[in-house]
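Working notes for the structure below.
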Amino acid sequence: MSGDEAGRLFRVATFGESHGGAVGAVIEGLPAGMRISLKGIQRELSRRRPGRGPTMSARREPDRLEVVSGIKRGTTTGGPIRLQVRNLDARPSDYDSTRWKPRPGHADLSQWLKHGRIPPGGGRASGRETVGRVLAGAVARQVLAGFGVSVAGRIVEVGGKRSGFRRTILDAKRRRDSVGGIVEVVAEGVPPGLGEPVFDRLDADLAKALMSIGAVKGVEVGAGFRAARLRGSEHNDAIIVRKGRLLTRTNNAGGILGGISNGMPVVCRIAVKPTSSIGIEQVTVDLCTMRPARISVRGRHDPCICERIVPVAEAMVAVTLLDHLLRAREGTIRGKGGRRSLEELRRDVRAGDAEMVRLLGKRMELAGEIGRWKRKLGRPVRDAAVERAVLRSAREAAKGAGLPARFVASVMRKVLAESRRRQRAARGAGRR
């Protein structure tokens, strides 16, 4: 089946079905040696997990992360990252009554017309598919954090109301009905210059990513549809200088002008439809007889999807932003775009800082391995000859990089001191 992949440099493909063995994601585009917190990924999964209260589906899925490939000891290997979650509470029999009766509001009818069958629970069109998106988004968020970019979402409206969300949802559930709502996602720290002015617009790609979530029926960026009711004098964002940065006084553009990020927070909102599966009897057609029929949907469903869709929407924004950030960095490396702005230079400095910290972490991890080997071989922690060779190499490398040899040597002495401490700790742990 086509259409399972997204992204150009940060590539994501989701797999699995609602009532199959597992769901997950395959991620490509990250180099070896990047630190990825598995606890951070699990935390995002838990935010999306069903069965956490009366306002959610009663399906009991622990959604425990499984790393199949691509991450070893919390570090990327450079190969495809495959992450998955087992389906442990699948009940395909709940959908026996809908095998020949398409559920109104669901993808059943369109899938029947396209493929000639209705998969249990919607198959790939099920909300369960979003597990893979959250997995990919959790990885993207950690990489974005290294560039100073954060993504956060919230519910702003449920059932047409701006407060009392829980009460509104439970009232709909009591009536065997459902409600929709509006979710907002804001990305802070997005550098200017992401996106292109025509077909690769950042806002267009964000809209596509968010609209690809099954329950989403509309996307706004910035003022969105409210802009249609404003005058130009009201909608245009005044341009100002603050602490040496070009910013705008307001943010009706949602951080994107002409398809390109302008350094302001990127603001998106999505319209989430009411859950299609409801207990109220509805009108459909029996596909065997092609005659009118009625159906009451069984199974376990959310009376409102908004709460669980927040981490999904955040994930799609994070995946899109990281892909565009990598594209922008590739363009900079190739010399695209001419003279670079102060903010672009600072962004690359932050990225370089993050890379230095990552490499230091890798060095300390190796120091621990060396400490364990020294314990086995009965060798002392400090090896003066090796340390002298390291400092000599550092001074020579400093000359090639145009750096003061004394400065580089002083930094390396601190690194060597920490390495010795790590080796001693590893030896001590081995004795226990």
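Residue numbering restarts at 1 in every chain; chains get A, B, ... in the order shown in the structure tokens, and ligands count up from 1 in that same order.
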Output as JSON lines one row per residue of region 9-124 of chain A within 12 Å of region 309-318 of chain A: the closest atom pair and its distance in Å to one decimal place, counting only C-alpha atoms, sorted by chain and residue number ascending.
```
{"residue": "A:Phe10", "atom": "CA", "partner": "A:Ala318", "partner_atom": "CA", "distance": 10.6}
{"residue": "A:Val12", "atom": "CA", "partner": "A:Met316", "partner_atom": "CA", "distance": 10.4}
{"residue": "A:Ile41", "atom": "CA", "partner": "A:Ala315", "partner_atom": "CA", "distance": 11.1}
{"residue": "A:Arg43", "atom": "CA", "partner": "A:Pro311", "partner_atom": "CA", "distance": 10.3}
{"residue": "A:Glu44", "atom": "CA", "partner": "A:Pro311", "partner_atom": "CA", "distance": 6.8}
{"residue": "A:Leu45", "atom": "CA", "partner": "A:Pro311", "partner_atom": "CA", "distance": 8.3}
{"residue": "A:Ser46", "atom": "CA", "partner": "A:Pro311", "partner_atom": "CA", "distance": 9.6}
{"residue": "A:Arg47", "atom": "CA", "partner": "A:Pro311", "partner_atom": "CA", "distance": 6.6}
{"residue": "A:Arg48", "atom": "CA", "partner": "A:Pro311", "partner_atom": "CA", "distance": 6.3}
{"residue": "A:Arg49", "atom": "CA", "partner": "A:Pro311", "partner_atom": "CA", "distance": 10.1}
{"residue": "A:Pro50", "atom": "CA", "partner": "A:Ile309", "partner_atom": "CA", "distance": 11.0}
{"residue": "A:Met56", "atom": "CA", "partner": "A:Ile309", "partner_atom": "CA", "distance": 11.2}
```
Go ahead and dump the residues you just picked, N, CA and C atoms, as a short mmCIF file (atom, residue, chain, number, x, y, z; two decimals), in the first residue's frame.
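File again.cif, as written:
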```
data_model
loop_
_atom_site.label_atom_id
_atom_site.label_comp_id
_atom_site.auth_asym_id
_atom_site.auth_seq_id
_atom_site.Cartn_x
_atom_site.Cartn_y
_atom_site.Cartn_z
N PHE A 10 14.66 13.45 6.88
CA PHE A 10 14.22 12.68 8.04
C PHE A 10 12.99 11.91 7.59
N VAL A 12 10.16 8.88 7.57
CA VAL A 12 9.37 8.10 8.52
C VAL A 12 8.36 7.25 7.75
N ILE A 41 10.98 8.40 24.77
CA ILE A 41 10.04 7.83 23.79
C ILE A 41 8.86 7.19 24.51
N ARG A 43 7.68 7.91 27.38
CA ARG A 43 6.84 8.95 27.97
C ARG A 43 5.82 9.46 26.96
N GLU A 44 6.25 9.66 25.71
CA GLU A 44 5.32 10.12 24.68
C GLU A 44 4.27 9.05 24.36
N LEU A 45 4.69 7.79 24.33
CA LEU A 45 3.74 6.70 24.10
C LEU A 45 2.66 6.68 25.17
N SER A 46 3.07 6.88 26.41
CA SER A 46 2.13 6.84 27.53
C SER A 46 1.11 7.96 27.45
N ARG A 47 1.48 9.09 26.88
CA ARG A 47 0.53 10.19 26.72
C ARG A 47 -0.56 9.84 25.72
N ARG A 48 -0.25 8.99 24.75
CA ARG A 48 -1.23 8.61 23.73
C ARG A 48 -2.02 7.36 24.10
N ARG A 49 -1.53 6.61 25.08
CA ARG A 49 -2.07 5.29 25.42
C ARG A 49 -3.55 5.36 25.83
N PRO A 50 -4.36 4.38 25.39
CA PRO A 50 -5.77 4.34 25.79
C PRO A 50 -5.93 3.76 27.19
N MET A 56 -11.63 8.20 27.89
CA MET A 56 -10.88 7.54 26.82
C MET A 56 -11.42 6.15 26.54
#
```
Per DSSP on the backbone, what are the alpha helix (DSSP H) residues of region 233-410 of chain A, as a PyMOL selection string?
chain A and resi 233-235+306-333+342-377+384-401+405-410
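Straight-line separation from CA of Ala389 (chain A) to CA of Gly352 (chain A): 25.9 Å.
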Sel. of strand (DSSP E) residues, region 15-240 of chain A, as a PyMOL selection string:
chain A and resi 15-16+22-28+66-69+71-72+75-76+81-86+150-158+181-188+216-221+239-240
Export of prior selection with N, CA and C atoms as a compact mmCIF listing (two decimals), in the first residue's frame:
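selection-v8.txt written:
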```txt
# COMPACT_ATOMS: atom_id res chain seq x y z
N PHE A 15 3.91 1.36 10.24
CA PHE A 15 3.45 0.04 9.83
C PHE A 15 2.49 -0.52 10.88
N GLY A 16 1.74 -1.55 10.49
CA GLY A 16 0.86 -2.23 11.42
C GLY A 16 -0.59 -1.79 11.32
N ALA A 22 1.38 -5.93 15.76
CA ALA A 22 2.13 -4.80 16.29
C ALA A 22 1.95 -3.59 15.40
N VAL A 23 2.24 -2.42 15.94
CA VAL A 23 2.26 -1.17 15.18
C VAL A 23 3.57 -0.46 15.50
N GLY A 24 4.04 0.37 14.57
CA GLY A 24 5.30 1.05 14.85
C GLY A 24 5.76 1.93 13.71
N ALA A 25 7.06 2.23 13.72
CA ALA A 25 7.63 3.14 12.73
C ALA A 25 9.04 2.72 12.37
N VAL A 26 9.42 3.02 11.13
CA VAL A 26 10.80 2.89 10.67
C VAL A 26 11.29 4.30 10.34
N ILE A 27 12.42 4.68 10.93
CA ILE A 27 12.95 6.04 10.81
C ILE A 27 14.32 5.98 10.16
N GLU A 28 14.53 6.81 9.15
CA GLU A 28 15.83 6.89 8.48
C GLU A 28 16.28 8.34 8.41
N GLU A 66 9.40 -1.25 22.08
CA GLU A 66 10.36 -2.28 21.69
C GLU A 66 11.27 -1.69 20.61
N VAL A 67 12.58 -1.74 20.85
CA VAL A 67 13.55 -1.27 19.86
C VAL A 67 14.03 -2.48 19.07
N VAL A 68 13.68 -2.54 17.81
CA VAL A 68 14.06 -3.67 16.97
C VAL A 68 15.45 -3.46 16.37
N SER A 69 15.73 -2.23 15.94
CA SER A 69 17.03 -1.94 15.34
C SER A 69 17.26 -0.43 15.33
N ILE A 71 18.98 1.61 17.32
CA ILE A 71 19.42 2.24 18.57
C ILE A 71 20.01 1.16 19.46
N LYS A 72 21.25 1.36 19.88
CA LYS A 72 21.91 0.41 20.76
C LYS A 72 22.50 1.16 21.94
N THR A 75 22.03 4.89 21.81
CA THR A 75 22.75 5.65 20.78
C THR A 75 22.39 5.12 19.40
N THR A 76 22.17 6.02 18.45
CA THR A 76 21.84 5.58 17.09
C THR A 76 23.03 4.87 16.45
N ILE A 81 16.08 2.99 12.03
CA ILE A 81 15.57 2.79 13.40
C ILE A 81 14.17 2.19 13.29
N ARG A 82 14.00 1.01 13.85
CA ARG A 82 12.68 0.37 13.83
C ARG A 82 12.19 0.26 15.27
N LEU A 83 11.09 0.93 15.54
CA LEU A 83 10.48 0.93 16.87
C LEU A 83 9.07 0.37 16.74
N GLN A 84 8.65 -0.40 17.74
CA GLN A 84 7.30 -0.96 17.65
C GLN A 84 6.67 -1.14 19.02
N VAL A 85 5.37 -1.38 18.98
CA VAL A 85 4.55 -1.65 20.18
C VAL A 85 3.64 -2.82 19.85
N ARG A 86 3.58 -3.80 20.70
CA ARG A 86 2.72 -4.96 20.49
C ARG A 86 1.26 -4.60 20.76
N SER A 150 11.43 23.47 20.69
CA SER A 150 10.49 22.69 21.50
C SER A 150 9.11 22.73 20.86
N VAL A 151 8.34 21.67 21.08
CA VAL A 151 6.99 21.56 20.51
C VAL A 151 6.03 21.17 21.62
N ALA A 152 4.93 21.92 21.76
CA ALA A 152 3.95 21.63 22.81
C ALA A 152 2.54 21.87 22.29
N GLY A 153 1.62 20.98 22.66
CA GLY A 153 0.23 21.12 22.21
C GLY A 153 -0.72 21.21 23.38
N ARG A 154 -1.94 21.66 23.09
CA ARG A 154 -2.97 21.75 24.14
C ARG A 154 -4.34 21.74 23.47
N ILE A 155 -5.34 21.36 24.24
CA ILE A 155 -6.73 21.44 23.78
C ILE A 155 -7.24 22.85 24.03
N VAL A 156 -7.84 23.47 23.03
CA VAL A 156 -8.38 24.82 23.22
C VAL A 156 -9.91 24.84 23.16
N GLU A 157 -10.50 23.76 22.64
CA GLU A 157 -11.97 23.74 22.55
C GLU A 157 -12.45 22.30 22.44
N VAL A 158 -13.56 21.99 23.12
CA VAL A 158 -14.22 20.68 23.02
C VAL A 158 -15.71 20.89 22.91
N GLY A 181 -13.31 18.73 18.70
CA GLY A 181 -12.70 19.89 19.34
C GLY A 181 -11.58 20.49 18.51
N ILE A 182 -10.86 21.39 19.12
CA ILE A 182 -9.74 22.07 18.46
C ILE A 182 -8.50 21.91 19.32
N VAL A 183 -7.40 21.52 18.69
CA VAL A 183 -6.11 21.34 19.37
C VAL A 183 -5.10 22.30 18.74
N GLU A 184 -4.31 22.94 19.59
CA GLU A 184 -3.29 23.88 19.12
C GLU A 184 -1.90 23.32 19.42
N VAL A 185 -0.98 23.48 18.46
CA VAL A 185 0.41 23.07 18.64
C VAL A 185 1.30 24.28 18.37
N VAL A 186 2.21 24.56 19.30
CA VAL A 186 3.12 25.70 19.16
C VAL A 186 4.56 25.19 19.22
N ALA A 187 5.36 25.58 18.25
CA ALA A 187 6.78 25.23 18.22
C ALA A 187 7.60 26.48 18.52
N GLU A 188 8.36 26.46 19.60
CA GLU A 188 9.20 27.59 19.99
C GLU A 188 10.64 27.33 19.55
N VAL A 216 -8.55 14.48 11.70
CA VAL A 216 -8.40 15.93 11.48
C VAL A 216 -9.14 16.34 10.20
N LYS A 217 -9.98 17.37 10.33
CA LYS A 217 -10.77 17.84 9.18
C LYS A 217 -10.44 19.26 8.77
N GLY A 218 -9.50 19.90 9.47
CA GLY A 218 -9.11 21.26 9.10
C GLY A 218 -7.83 21.66 9.81
N VAL A 219 -7.04 22.53 9.17
CA VAL A 219 -5.78 23.01 9.74
C VAL A 219 -5.71 24.52 9.59
N GLU A 220 -5.27 25.20 10.64
CA GLU A 220 -5.01 26.64 10.60
C GLU A 220 -3.55 26.89 10.96
N VAL A 221 -2.97 27.91 10.35
CA VAL A 221 -1.64 28.39 10.74
C VAL A 221 -1.79 29.85 11.13
N ILE A 239 6.84 44.73 12.10
CA ILE A 239 8.19 44.21 12.22
C ILE A 239 8.99 45.09 13.18
N ILE A 240 9.67 44.46 14.14
CA ILE A 240 10.41 45.20 15.16
C ILE A 240 11.80 44.57 15.34
```
Between CA of Leu359 (chain A) and CA of Gly378 (chain A), distance in Å (one decimal):
27.9 Å
Surrounding residues of Phe199 (chain A) excluding itself and chain neighbours under 3 positions, 12 Å, only C-alpha atoms, as a list in words:
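Using only C-alpha atoms, the neighbours found are Gly195, Glu196, Leu202, Asp203, Ala204, Asp205, Lys208, Gly258, Gly259 and Ile260 of chain A.
Among A:Lys39, A:Arg413, A:Trp373, A:Pro80, the residue with the shortest atom-to-atom distance to Arg392 (chain A), counting only C-alpha atoms, is A:Arg413.
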Skipping near chain neighbours, those fewer than 6 positions away, what residues fall within 7 Å of Ala238 (chain A) using only C-alpha atoms, listed as a ChimeraX atom specification?
/A:248-250
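Of the residues listed (A:Arg141, A:Arg388, A:Arg420, A:Lys362), A:Lys362 shows the shortest atom-to-atom separation from Arg35 (chain A); distances use only C-alpha atoms.
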Polymer residues at most 12 Å from Leu113 (chain A), only C-alpha atoms, same-chain spacing of 5 or more positions, as a list of chain:residue names:
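Near neighbours after the sequence-gap exclusion: A:Pro102, A:Ala107, A:Asp108, A:Ile118, A:Leu287.
Relative to CA of Val149 (chain A), CA of Arg133 (chain A) is found at 18.6 Å.
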